[in-house]
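Content type compact mmCIF, C-alpha atoms, from the file protein-v6.txt:
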# COMPACT_ATOMS: atom_id res chain seq x y z
CA MET A 1 84.27 -62.17 -162.52
CA ALA A 2 83.07 -65.66 -161.87
CA HIS A 3 79.97 -65.05 -159.83
CA ALA A 4 79.46 -68.73 -159.26
CA ASP A 5 82.72 -68.67 -157.30
CA LEU A 6 81.50 -65.74 -155.27
CA LEU A 7 78.31 -67.54 -154.40
CA SER A 8 79.85 -70.88 -153.62
CA SER A 9 82.60 -69.45 -151.49
CA ALA A 10 81.96 -68.86 -147.82
CA THR A 11 83.93 -65.63 -148.01
CA LEU A 12 83.77 -63.28 -150.99
CA THR A 13 87.13 -62.67 -152.55
CA ASP A 14 88.73 -59.23 -152.46
CA PRO A 15 90.59 -58.37 -155.67
CA GLN A 16 93.09 -56.29 -153.71
CA PRO A 17 95.10 -57.79 -150.89
CA PHE A 18 95.42 -55.66 -147.75
CA VAL A 19 99.09 -54.68 -147.77
CA ILE A 20 100.94 -52.23 -145.51
CA ALA A 21 104.65 -51.59 -146.11
CA GLY A 22 104.92 -54.71 -148.25
CA ARG A 23 103.33 -57.00 -145.69
CA GLU A 24 99.98 -58.60 -146.45
CA PHE A 25 97.42 -59.02 -143.68
CA ARG A 26 94.52 -61.44 -143.61
CA SER A 27 91.94 -59.02 -142.20
CA ARG A 28 91.10 -55.38 -142.84
CA LEU A 29 89.87 -55.16 -139.27
CA MET A 30 92.49 -54.35 -136.64
CA VAL A 31 91.57 -54.42 -132.98
CA GLY A 32 92.82 -53.06 -129.69
CA THR A 33 93.29 -55.07 -126.52
CA GLY A 34 92.25 -52.53 -123.88
CA LYS A 35 89.21 -52.24 -121.61
CA TYR A 36 88.10 -55.89 -121.61
CA ALA A 37 86.54 -57.36 -118.47
CA SER A 38 89.08 -60.20 -118.53
CA ASN A 39 91.93 -61.51 -120.62
CA ALA A 40 89.84 -64.56 -121.53
CA GLN A 41 87.10 -62.31 -122.89
CA MET A 42 89.67 -60.27 -124.81
CA ILE A 43 91.11 -63.33 -126.53
CA GLU A 44 87.70 -64.69 -127.42
CA ALA A 45 86.62 -61.32 -128.86
CA ILE A 46 89.80 -60.97 -130.90
CA GLU A 47 89.31 -64.47 -132.30
CA ALA A 48 85.71 -63.64 -133.19
CA SER A 49 86.84 -60.43 -134.93
CA GLY A 50 89.18 -62.36 -137.23
CA ALA A 51 91.77 -59.61 -136.76
CA GLU A 52 95.44 -60.31 -137.35
CA VAL A 53 96.81 -56.94 -136.24
CA VAL A 54 96.25 -56.25 -132.55
CA THR A 55 97.42 -53.14 -130.76
CA VAL A 56 99.13 -53.06 -127.39
CA ALA A 57 100.39 -50.29 -125.13
CA VAL A 58 103.72 -49.89 -123.33
CA ARG A 59 103.49 -49.34 -119.57
CA ARG A 60 105.54 -49.79 -116.42
CA VAL A 61 105.45 -53.29 -114.95
CA ASP A 62 103.37 -53.26 -111.77
CA LEU A 63 106.08 -54.37 -109.35
CA ASP A 64 103.54 -55.02 -106.58
CA ARG A 65 101.79 -57.55 -108.83
CA SER A 66 98.37 -56.26 -107.87
CA LYS A 67 97.02 -57.32 -111.26
CA ASP A 68 97.97 -59.51 -114.16
CA GLU A 69 98.56 -56.94 -116.86
CA ALA A 70 101.23 -58.61 -118.98
CA ILE A 71 99.40 -59.19 -122.20
CA LEU A 72 101.95 -61.52 -123.74
CA HIS A 73 100.95 -64.18 -121.21
CA HIS A 74 97.65 -64.33 -123.07
CA LEU A 75 98.31 -63.27 -126.65
CA ASP A 76 100.37 -65.53 -128.89
CA PRO A 77 102.74 -63.29 -130.87
CA ASP A 78 103.09 -66.01 -133.52
CA HIS A 79 99.37 -65.89 -134.24
CA PHE A 80 98.83 -62.12 -134.08
CA PHE A 81 100.79 -59.18 -135.42
CA LEU A 82 101.53 -56.98 -132.41
CA LEU A 83 101.27 -53.30 -133.17
CA ALA A 84 102.50 -51.18 -130.27
CA ASN A 85 100.94 -47.78 -129.78
CA THR A 86 102.17 -44.61 -128.12
CA ALA A 87 98.82 -43.90 -126.49
CA GLY A 88 98.98 -41.44 -123.64
CA CYS A 89 101.95 -39.53 -125.08
CA TYR A 90 101.54 -35.77 -125.25
CA SER A 91 104.75 -34.76 -127.01
CA ALA A 92 106.88 -35.95 -129.91
CA SER A 93 109.80 -36.78 -127.62
CA GLU A 94 107.63 -38.84 -125.29
CA ALA A 95 106.09 -40.74 -128.21
CA ILE A 96 109.54 -41.43 -129.64
CA ARG A 97 110.69 -42.81 -126.27
CA TYR A 98 107.69 -45.16 -126.09
CA ALA A 99 108.19 -46.28 -129.69
CA ARG A 100 111.82 -47.16 -128.96
CA LEU A 101 110.83 -49.12 -125.84
CA ALA A 102 108.22 -51.00 -127.88
CA ARG A 103 110.73 -51.87 -130.58
CA ALA A 104 113.16 -53.16 -127.95
CA ALA A 105 110.56 -55.76 -127.00
CA GLY A 106 111.82 -57.44 -130.15
CA PHE A 107 108.71 -58.20 -132.21
CA ASN A 108 108.79 -55.66 -135.03
CA GLU A 109 109.63 -52.10 -135.98
CA TRP A 110 106.06 -50.97 -136.45
CA VAL A 111 104.37 -48.37 -134.31
CA LYS A 112 100.91 -46.89 -134.18
CA LEU A 113 102.02 -43.36 -133.47
CA GLU A 114 99.80 -41.22 -131.31
CA VAL A 115 100.77 -37.77 -130.11
CA ILE A 116 97.79 -36.45 -128.21
CA GLY A 117 97.18 -32.72 -128.05
CA ASP A 118 94.15 -32.33 -125.83
CA GLN A 119 93.12 -34.32 -122.76
CA GLN A 120 89.40 -33.78 -123.13
CA THR A 121 88.99 -34.82 -126.76
CA LEU A 122 92.19 -36.88 -127.18
CA LEU A 123 92.53 -35.17 -130.55
CA PRO A 124 96.02 -35.44 -132.05
CA ASP A 125 98.73 -32.80 -131.84
CA THR A 126 99.42 -32.87 -135.57
CA ILE A 127 102.58 -30.77 -135.32
CA GLY A 128 104.12 -33.10 -132.75
CA LEU A 129 102.85 -36.07 -134.76
CA LEU A 130 104.63 -34.89 -137.88
CA GLN A 131 107.87 -34.28 -135.95
CA ALA A 132 107.74 -37.72 -134.34
CA THR A 133 106.89 -39.39 -137.66
CA LYS A 134 109.96 -37.88 -139.34
CA ALA A 135 112.24 -38.85 -136.44
CA LEU A 136 110.96 -42.42 -136.22
CA VAL A 137 111.04 -42.98 -139.99
CA ASP A 138 114.71 -41.88 -139.88
CA GLU A 139 115.30 -44.53 -137.21
CA GLY A 140 113.82 -47.24 -139.43
CA PHE A 141 110.38 -47.47 -137.86
CA LYS A 142 107.29 -48.27 -139.88
CA VAL A 143 104.96 -45.55 -138.70
CA LEU A 144 101.16 -45.80 -138.81
CA ALA A 145 100.13 -42.30 -137.84
CA TYR A 146 96.92 -41.68 -135.90
CA THR A 147 95.65 -38.30 -137.07
CA ASN A 148 92.54 -36.20 -137.48
CA ASP A 149 90.52 -36.10 -140.69
CA ASP A 150 92.49 -33.20 -142.19
CA LEU A 151 93.73 -33.85 -145.73
CA VAL A 152 96.76 -31.56 -145.55
CA THR A 153 98.08 -33.25 -142.40
CA ALA A 154 97.50 -36.64 -144.00
CA LEU A 155 99.47 -35.59 -147.08
CA LYS A 156 102.33 -34.32 -144.91
CA LEU A 157 102.41 -37.56 -142.93
CA GLU A 158 102.65 -39.54 -146.15
CA GLU A 159 105.43 -37.27 -147.39
CA ALA A 160 107.23 -37.74 -144.05
CA GLY A 161 107.32 -41.49 -144.70
CA ALA A 162 104.37 -42.88 -142.77
CA VAL A 163 103.50 -46.35 -144.12
CA ALA A 164 99.83 -45.80 -143.32
CA VAL A 165 97.74 -42.84 -142.28
CA MET A 166 95.01 -43.38 -139.69
CA PRO A 167 92.40 -40.65 -139.62
CA LEU A 168 89.78 -40.78 -136.90
CA ALA A 169 86.10 -41.38 -137.57
CA SER A 170 85.34 -39.45 -134.36
CA PRO A 171 87.19 -39.02 -131.03
CA ILE A 172 88.78 -42.05 -129.34
CA GLY A 173 86.30 -44.02 -127.29
CA SER A 174 83.37 -41.78 -128.30
CA GLY A 175 81.45 -44.31 -130.40
CA LEU A 176 80.02 -41.47 -132.46
CA GLY A 177 80.71 -43.13 -135.80
CA MET A 178 82.07 -41.29 -138.82
CA LEU A 179 81.43 -37.56 -138.47
CA ASN A 180 82.91 -36.45 -141.79
CA PRO A 181 82.64 -38.98 -144.61
CA PHE A 182 83.65 -36.34 -147.16
CA ALA A 183 86.98 -35.78 -145.37
CA ILE A 184 87.67 -39.50 -145.08
CA ARG A 185 86.90 -40.08 -148.78
CA THR A 186 89.09 -37.14 -149.77
CA ILE A 187 92.04 -38.47 -147.76
CA LYS A 188 91.60 -41.93 -149.31
CA GLN A 189 91.43 -40.49 -152.83
CA ARG A 190 94.55 -38.39 -152.42
CA LEU A 191 96.94 -40.71 -150.57
CA SER A 192 98.95 -43.57 -152.01
CA VAL A 193 99.66 -45.27 -148.67
CA PRO A 194 96.88 -47.25 -147.00
CA VAL A 195 94.24 -45.25 -145.13
CA ILE A 196 93.00 -46.99 -142.02
CA VAL A 197 90.24 -45.32 -140.05
CA ASP A 198 91.07 -45.42 -136.36
CA ALA A 199 88.79 -44.49 -133.49
CA GLY A 200 85.13 -43.60 -133.10
CA VAL A 201 83.38 -46.67 -134.50
CA GLY A 202 80.52 -47.48 -132.11
CA THR A 203 78.58 -50.27 -133.74
CA ALA A 204 78.55 -52.49 -136.81
CA SER A 205 76.75 -50.03 -139.10
CA ASP A 206 79.46 -47.42 -138.33
CA ALA A 207 82.14 -49.88 -139.46
CA CYS A 208 80.17 -50.74 -142.58
CA ILE A 209 79.73 -47.08 -143.55
CA VAL A 210 83.44 -46.40 -142.98
CA MET A 211 84.43 -49.26 -145.28
CA GLU A 212 81.92 -48.10 -147.91
CA GLN A 213 84.04 -44.95 -148.30
CA GLY A 214 86.74 -47.12 -149.85
CA VAL A 215 89.31 -46.95 -147.06
CA ASP A 216 91.73 -49.83 -146.64
CA GLY A 217 90.87 -50.87 -143.11
CA ILE A 218 89.59 -49.99 -139.66
CA LEU A 219 91.14 -50.12 -136.20
CA MET A 220 88.80 -50.24 -133.23
CA ASN A 221 88.87 -51.09 -129.55
CA THR A 222 86.09 -49.61 -127.43
CA GLY A 223 83.39 -50.38 -130.00
CA ILE A 224 83.99 -54.05 -129.27
CA ALA A 225 85.28 -54.03 -125.70
CA ALA A 226 82.54 -51.77 -124.30
CA ALA A 227 79.66 -53.65 -125.95
CA GLN A 228 77.34 -55.59 -123.62
CA ASP A 229 78.52 -58.75 -125.36
CA PRO A 230 81.98 -58.01 -126.77
CA ILE A 231 82.37 -61.40 -128.43
CA ARG A 232 79.15 -61.10 -130.40
CA MET A 233 79.99 -57.49 -131.29
CA ALA A 234 83.42 -58.60 -132.52
CA ALA A 235 81.74 -61.06 -134.87
CA ALA A 236 79.31 -58.32 -135.98
CA MET A 237 82.22 -55.97 -136.69
CA LYS A 238 83.98 -58.64 -138.75
CA ALA A 239 80.85 -59.09 -140.88
CA ALA A 240 80.33 -55.31 -141.13
CA VAL A 241 83.88 -54.62 -142.31
CA GLU A 242 83.59 -57.34 -144.95
CA SER A 243 80.13 -56.18 -145.93
CA GLY A 244 81.18 -52.53 -146.28
CA ARG A 245 84.24 -53.52 -148.27
CA HIS A 246 82.19 -55.55 -150.73
CA ALA A 247 79.57 -52.82 -151.02
CA TYR A 248 82.36 -50.39 -151.92
CA LEU A 249 83.81 -52.81 -154.48
CA ALA A 250 80.36 -53.53 -155.89
CA GLY A 251 79.70 -49.83 -156.44
CA ARG A 252 76.49 -48.46 -155.02
CA MET A 253 73.56 -47.31 -157.18
CA PRO A 254 73.27 -43.59 -157.79
CA ARG A 255 71.21 -41.58 -155.33
CA ARG A 256 68.06 -40.08 -156.88
CA GLU A 257 65.66 -37.54 -155.50
CA VAL A 258 62.75 -39.23 -157.30
CA ALA A 259 61.25 -42.70 -157.12
CA VAL A 260 61.89 -45.14 -159.96
CA PRO A 261 59.58 -48.16 -159.98
CA SER A 262 61.18 -51.57 -159.58
CA SER A 263 58.29 -53.40 -161.23
CA PRO A 264 57.27 -53.09 -164.91
CA THR A 265 54.99 -50.16 -165.70
CA THR A 266 53.59 -52.00 -168.71
CA GLY A 267 51.22 -54.96 -168.70
CA MET A 268 48.92 -53.48 -166.07
CA LEU A 269 45.28 -54.66 -166.18
CA GLY A 270 42.82 -52.50 -168.04
CA SER A 271 40.25 -50.72 -165.86
CA MET B 1 117.48 -57.14 -97.61
CA ARG B 2 115.33 -60.22 -97.29
CA GLU B 3 118.40 -62.27 -96.56
CA MET B 4 119.37 -59.90 -93.78
CA ALA B 5 115.89 -60.08 -92.28
CA ALA B 6 115.96 -63.86 -92.49
CA ALA B 7 119.20 -63.88 -90.59
CA GLY B 8 117.52 -61.97 -87.81
CA GLY B 9 119.37 -58.77 -88.58
CA THR B 10 122.30 -59.92 -86.49
CA GLU B 11 124.70 -60.23 -89.40
CA VAL B 12 127.03 -57.44 -90.28
CA ALA B 13 124.92 -55.15 -92.47
CA GLU B 14 125.66 -55.42 -96.19
CA ARG B 15 126.53 -52.26 -97.97
CA THR B 16 123.45 -51.06 -99.83
CA ILE B 17 122.62 -48.49 -102.49
CA ALA B 18 119.46 -46.56 -103.20
CA LEU B 19 118.03 -46.19 -106.71
CA GLN B 20 114.76 -45.52 -108.48
CA VAL B 21 112.87 -48.43 -110.03
CA ASN B 22 109.72 -47.45 -111.95
CA GLY B 23 109.64 -44.17 -110.10
CA VAL B 24 109.89 -45.67 -106.61
CA GLU B 25 113.03 -45.61 -104.48
CA ARG B 26 114.41 -49.02 -103.63
CA THR B 27 117.40 -50.11 -101.58
CA ILE B 28 119.41 -53.02 -102.94
CA PRO B 29 122.72 -54.62 -102.00
CA ALA B 30 125.71 -52.91 -103.53
CA GLY B 31 127.10 -54.86 -106.45
CA TRP B 32 123.78 -56.13 -107.73
CA THR B 33 123.44 -56.41 -111.49
CA LEU B 34 120.32 -55.80 -113.50
CA SER B 35 119.81 -59.56 -113.62
CA ASP B 36 119.89 -59.67 -109.81
CA LEU B 37 117.28 -56.93 -109.63
CA LEU B 38 114.97 -58.65 -112.13
CA ALA B 39 115.37 -61.95 -110.31
CA SER B 40 114.49 -60.34 -106.98
CA LEU B 41 111.35 -58.90 -108.63
CA GLU B 42 110.58 -62.34 -110.11
CA LEU B 43 110.60 -60.91 -113.63
CA ASP B 44 111.59 -62.82 -116.76
CA ALA B 45 114.02 -60.66 -118.71
CA ARG B 46 112.49 -61.91 -121.99
CA THR B 47 109.11 -60.37 -121.21
CA VAL B 48 110.24 -56.88 -120.24
CA VAL B 49 112.17 -53.96 -121.68
CA VAL B 50 114.58 -52.09 -119.44
CA GLU B 51 115.66 -48.50 -119.69
CA ARG B 52 118.47 -47.33 -117.42
CA ASN B 53 119.11 -43.61 -117.01
CA GLY B 54 117.25 -42.94 -120.23
CA THR B 55 119.09 -45.55 -122.32
CA ILE B 56 117.30 -48.70 -123.47
CA LEU B 57 119.31 -51.86 -122.84
CA ARG B 58 118.47 -53.73 -126.00
CA ASP B 59 120.83 -56.64 -125.44
CA ARG B 60 119.24 -58.80 -122.77
CA SER B 61 122.37 -60.93 -122.51
CA SER B 62 124.14 -57.88 -121.11
CA PHE B 63 121.84 -57.68 -118.07
CA ALA B 64 124.06 -59.96 -116.01
CA SER B 65 127.01 -57.64 -116.48
CA VAL B 66 125.23 -54.33 -115.90
CA GLU B 67 126.04 -53.36 -112.31
CA LEU B 68 123.54 -50.96 -110.78
CA ALA B 69 124.75 -47.76 -109.16
CA THR B 70 123.50 -45.31 -106.56
CA ALA B 71 120.82 -42.95 -107.88
CA ASP B 72 120.29 -44.98 -111.07
CA SER B 73 116.88 -44.55 -112.61
CA VAL B 74 115.59 -47.87 -113.93
CA GLU B 75 112.36 -48.25 -115.88
CA ILE B 76 110.96 -51.73 -116.46
CA VAL B 77 108.13 -51.82 -118.98
CA HIS B 78 106.05 -54.37 -120.84
CA PHE B 79 103.06 -54.61 -123.17
CA VAL B 80 99.59 -54.17 -121.69
CA GLY B 81 96.15 -53.96 -123.27
CA GLY B 82 95.61 -50.83 -125.35
CA GLY B 83 93.90 -49.48 -128.42

Output the file's structure in the form of structure tokens.
Amino acid sequence: MAHADLLSSATLTDPQPFVIAGREFRSRLMVGTGKYASNAQMIEAIEASGAEVVTVAVRRVDLDRSKDEAILHHLDPDHFFLLANTAGCYSASEAIRYARLARAAGFNEWVKLEVIGDQQTLLPDTIGLLQATKALVDEGFKVLAYTNDDLVTALKLEEAGAVAVMPLASPIGSGLGMLNPFAIRTIKQRLSVPVIVDAGVGTASDACIVMEQGVDGILMNTGIAAAQDPIRMAAAMKAAVESGRHAYLAGRMPRREVAVPSSPTTGMLGS
Amino acid sequence: MREMAAAGGTEVAERTIALQVNGVERTIPAGWTLSDLLASLELDARTVVVERNGTILRDRSSFASVELATADSVEIVHFVGGG
């Protein structure tokens, strides 16, 4: 490895490109587009995050025009990769319907599949999720499945044809950070498809720690949008994801329960 | 309906039909196509997806030939911010 190149380059190189279903993306950070104070703020935050993949939701057009919700008036689909979600769906059939509507918008056949099982925690209904994944894969969708941090479910989603598995760090919108690093590492070690941690990242250190587990990427929304200064937080998240990725690639030192001096123990002055 | 109101309501009433659009009942002139409905709502067909009676109409060029019928259920959706 030419370390001179590393040092002279503004951005450290990553030996592995970030590829999902054969498509390479320029950033391991994916961001949502919800909960921003304004569309202008959303765009500025997304730009600051460096994200290429941005998620959107499918909803009824407000026919009374009480607010300007249409996100495509603000987001250039040539510059960003639009990833539609099925947020708010509580059954496989409902999620499948939303995925089909999203595909009919004509951008791509990708879907961030959510089948929610509990209103209070927004934890996934993994049985419905698996059913919907199978059905949508059969219809030619590229399914990125939002799931919990359970290895067996993750393995079944991969077997069902999901192109990426997206375990949560902690519940959606909670900002609690990664509650079970062991589970996330185990999923990453056992799956062949990309593992992208989705939900629960609250601040930059959370994102960094997630990436240090070796996962392929992170998707977040509230961690940026609900910050006091979303644009600055987006930039912090970008740096944290890159930092955590490089720390993982660099390989951390072993943990020791005893101190080991950093300075020479020889050559001390005589007393 | 607007046209009728503009004419002071003195014209012979057009035949109308009632249908559901995004969960709300609307009355439109009989014979209207999906394109007519979208135009009356000032919506650009390229920015929305339409589902009629549970079937997505993927071919937008067909909108002008899809005549709406009594009790149709039409859903008009688009992308909004989400995570």

Using only C-alpha atoms and a distance of at most 6 Å, pull out the residues of chain B that contact chain A, as number ranges by chain.
B: 49, 58, 76-83

Identify, on the basis of only C-alpha atoms, every residue whose closest approach to Leu129 (chain A) does not exceed 12 Å; exclude the query and any residue fewer than 4 positions from it along the same chain; express the result as a ChimeraX atom specification.
/A:86,89-96,112-117,123-125,133-137,143-148,153-154,156-158,160,162,165-166

Take the residues from that selection and put them in a file with C-alpha atoms, as a PDB file, in the coordinates of the input.
ATOM      1  CA  THR A  86     102.170 -44.610-128.120  1.00  0.00           C
ATOM      2  CA  CYS A  89     101.950 -39.530-125.080  1.00  0.00           C
ATOM      3  CA  TYR A  90     101.540 -35.770-125.250  1.00  0.00           C
ATOM      4  CA  SER A  91     104.750 -34.760-127.010  1.00  0.00           C
ATOM      5  CA  ALA A  92     106.880 -35.950-129.910  1.00  0.00           C
ATOM      6  CA  SER A  93     109.800 -36.780-127.620  1.00  0.00           C
ATOM      7  CA  GLU A  94     107.630 -38.840-125.290  1.00  0.00           C
ATOM      8  CA  ALA A  95     106.090 -40.740-128.210  1.00  0.00           C
ATOM      9  CA  ILE A  96     109.540 -41.430-129.640  1.00  0.00           C
ATOM     10  CA  LYS A 112     100.910 -46.890-134.180  1.00  0.00           C
ATOM     11  CA  LEU A 113     102.020 -43.360-133.470  1.00  0.00           C
ATOM     12  CA  GLU A 114      99.800 -41.220-131.310  1.00  0.00           C
ATOM     13  CA  VAL A 115     100.770 -37.770-130.110  1.00  0.00           C
ATOM     14  CA  ILE A 116      97.790 -36.450-128.210  1.00  0.00           C
ATOM     15  CA  GLY A 117      97.180 -32.720-128.050  1.00  0.00           C
ATOM     16  CA  LEU A 123      92.530 -35.170-130.550  1.00  0.00           C
ATOM     17  CA  PRO A 124      96.020 -35.440-132.050  1.00  0.00           C
ATOM     18  CA  ASP A 125      98.730 -32.800-131.840  1.00  0.00           C
ATOM     19  CA  THR A 133     106.890 -39.390-137.660  1.00  0.00           C
ATOM     20  CA  LYS A 134     109.960 -37.880-139.340  1.00  0.00           C
ATOM     21  CA  ALA A 135     112.240 -38.850-136.440  1.00  0.00           C
ATOM     22  CA  LEU A 136     110.960 -42.420-136.220  1.00  0.00           C
ATOM     23  CA  VAL A 137     111.040 -42.980-139.990  1.00  0.00           C
ATOM     24  CA  VAL A 143     104.960 -45.550-138.700  1.00  0.00           C
ATOM     25  CA  LEU A 144     101.160 -45.800-138.810  1.00  0.00           C
ATOM     26  CA  ALA A 145     100.130 -42.300-137.840  1.00  0.00           C
ATOM     27  CA  TYR A 146      96.920 -41.680-135.900  1.00  0.00           C
ATOM     28  CA  THR A 147      95.650 -38.300-137.070  1.00  0.00           C
ATOM     29  CA  ASN A 148      92.540 -36.200-137.480  1.00  0.00           C
ATOM     30  CA  THR A 153      98.080 -33.250-142.400  1.00  0.00           C
ATOM     31  CA  ALA A 154      97.500 -36.640-144.000  1.00  0.00           C
ATOM     32  CA  LYS A 156     102.330 -34.320-144.910  1.00  0.00           C
ATOM     33  CA  LEU A 157     102.410 -37.560-142.930  1.00  0.00           C
ATOM     34  CA  GLU A 158     102.650 -39.540-146.150  1.00  0.00           C
ATOM     35  CA  ALA A 160     107.230 -37.740-144.050  1.00  0.00           C
ATOM     36  CA  ALA A 162     104.370 -42.880-142.770  1.00  0.00           C
ATOM     37  CA  VAL A 165      97.740 -42.840-142.280  1.00  0.00           C
ATOM     38  CA  MET A 166      95.010 -43.380-139.690  1.00  0.00           C
TER      39      MET A 166
END

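Distance-wise, CA of Arg26 (chain A) and CA of Ile187 (chain A) end up 23.5 Å apart.
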
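A search radius of 9 Å centred on (90.5, -59.5, -139.2), applied to all atoms listed in the file, returns the residues A:Phe25, A:Arg26, A:Ser27, A:Arg28, A:Leu29, A:Met30, A:Val31, A:Ile46, A:Glu47, A:Ala48, A:Ser49, A:Gly50, A:Ala51, A:Glu52, A:Val53, A:Lys238, A:Val241.
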
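The list of residues with at least one atom within 12 Å of Glu24 (chain A), based on all atoms listed in the file and without residues fewer than 5 positions apart in the same chain, reads Gln16, Pro17, Phe18, Val19, Glu52, Val53, Phe81 and Pro194 of chain A.
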
Find the residues near region 23-40 of chain B: any atom within 6 Å, counting only C-alpha atoms, skip ones fewer than 5 places away on the same chain, and give them as an mmCIF file with C-alpha atoms, in the frame of the given file.
data_model
loop_
_atom_site.group_PDB
_atom_site.id
_atom_site.type_symbol
_atom_site.label_atom_id
_atom_site.label_comp_id
_atom_site.auth_asym_id
_atom_site.auth_seq_id
_atom_site.Cartn_x
_atom_site.Cartn_y
_atom_site.Cartn_z
ATOM 1 C CA ARG B 15 126.530 -52.260 -97.970
ATOM 2 C CA THR B 16 123.450 -51.060 -99.830
ATOM 3 C CA ILE B 17 122.620 -48.490 -102.490
ATOM 4 C CA ALA B 18 119.460 -46.560 -103.200
ATOM 5 C CA PHE B 63 121.840 -57.680 -118.070
ATOM 6 C CA ALA B 64 124.060 -59.960 -116.010
ATOM 7 C CA VAL B 66 125.230 -54.330 -115.900
ATOM 8 C CA GLU B 67 126.040 -53.360 -112.310
ATOM 9 C CA LEU B 68 123.540 -50.960 -110.780
#

Grab all the atoms of region 12-24 of chain B that the file lists, wrap them in a box along x, y and z, add 8 Å per side, and give me centre plus edge lengths in Å (one decimal) as JSON.
{"center_x": 118.3, "center_y": -50.8, "center_z": -101.1, "size_x": 33.4, "size_y": 29.3, "size_z": 37.7}

In Å to one decimal, how far is CA of Glu75 (chain B) from CA of Ala225 (chain A)?
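Going from CA of Ala225 (chain A) over to CA of Glu75 (chain B), I get 29.4 Å.
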
For CA of Phe182 (chain A) and CA of Met253 (chain A), determine how far apart the two atoms are, in Å to one decimal place.
18.0 Å

Which protein, DNA or RNA residues are at most 12 Å from (80.9, -37.1, -144.6) in the file's coordinates when you count all atoms listed in the file, listed as a compact mmCIF listing (two decimals) with C-alpha atoms, keeping the file's coordinate frame?
# COMPACT_ATOMS: atom_id res chain seq x y z
CA ASP A 149 90.52 -36.10 -140.69
CA ALA A 169 86.10 -41.38 -137.57
CA SER A 170 85.34 -39.45 -134.36
CA GLY A 177 80.71 -43.13 -135.80
CA MET A 178 82.07 -41.29 -138.82
CA LEU A 179 81.43 -37.56 -138.47
CA ASN A 180 82.91 -36.45 -141.79
CA PRO A 181 82.64 -38.98 -144.61
CA PHE A 182 83.65 -36.34 -147.16
CA ALA A 183 86.98 -35.78 -145.37
CA ILE A 184 87.67 -39.50 -145.08
CA ARG A 185 86.90 -40.08 -148.78
CA THR A 186 89.09 -37.14 -149.77
CA ILE A 187 92.04 -38.47 -147.76
CA ILE A 209 79.73 -47.08 -143.55
CA VAL A 210 83.44 -46.40 -142.98
CA GLU A 212 81.92 -48.10 -147.91
CA GLN A 213 84.04 -44.95 -148.30
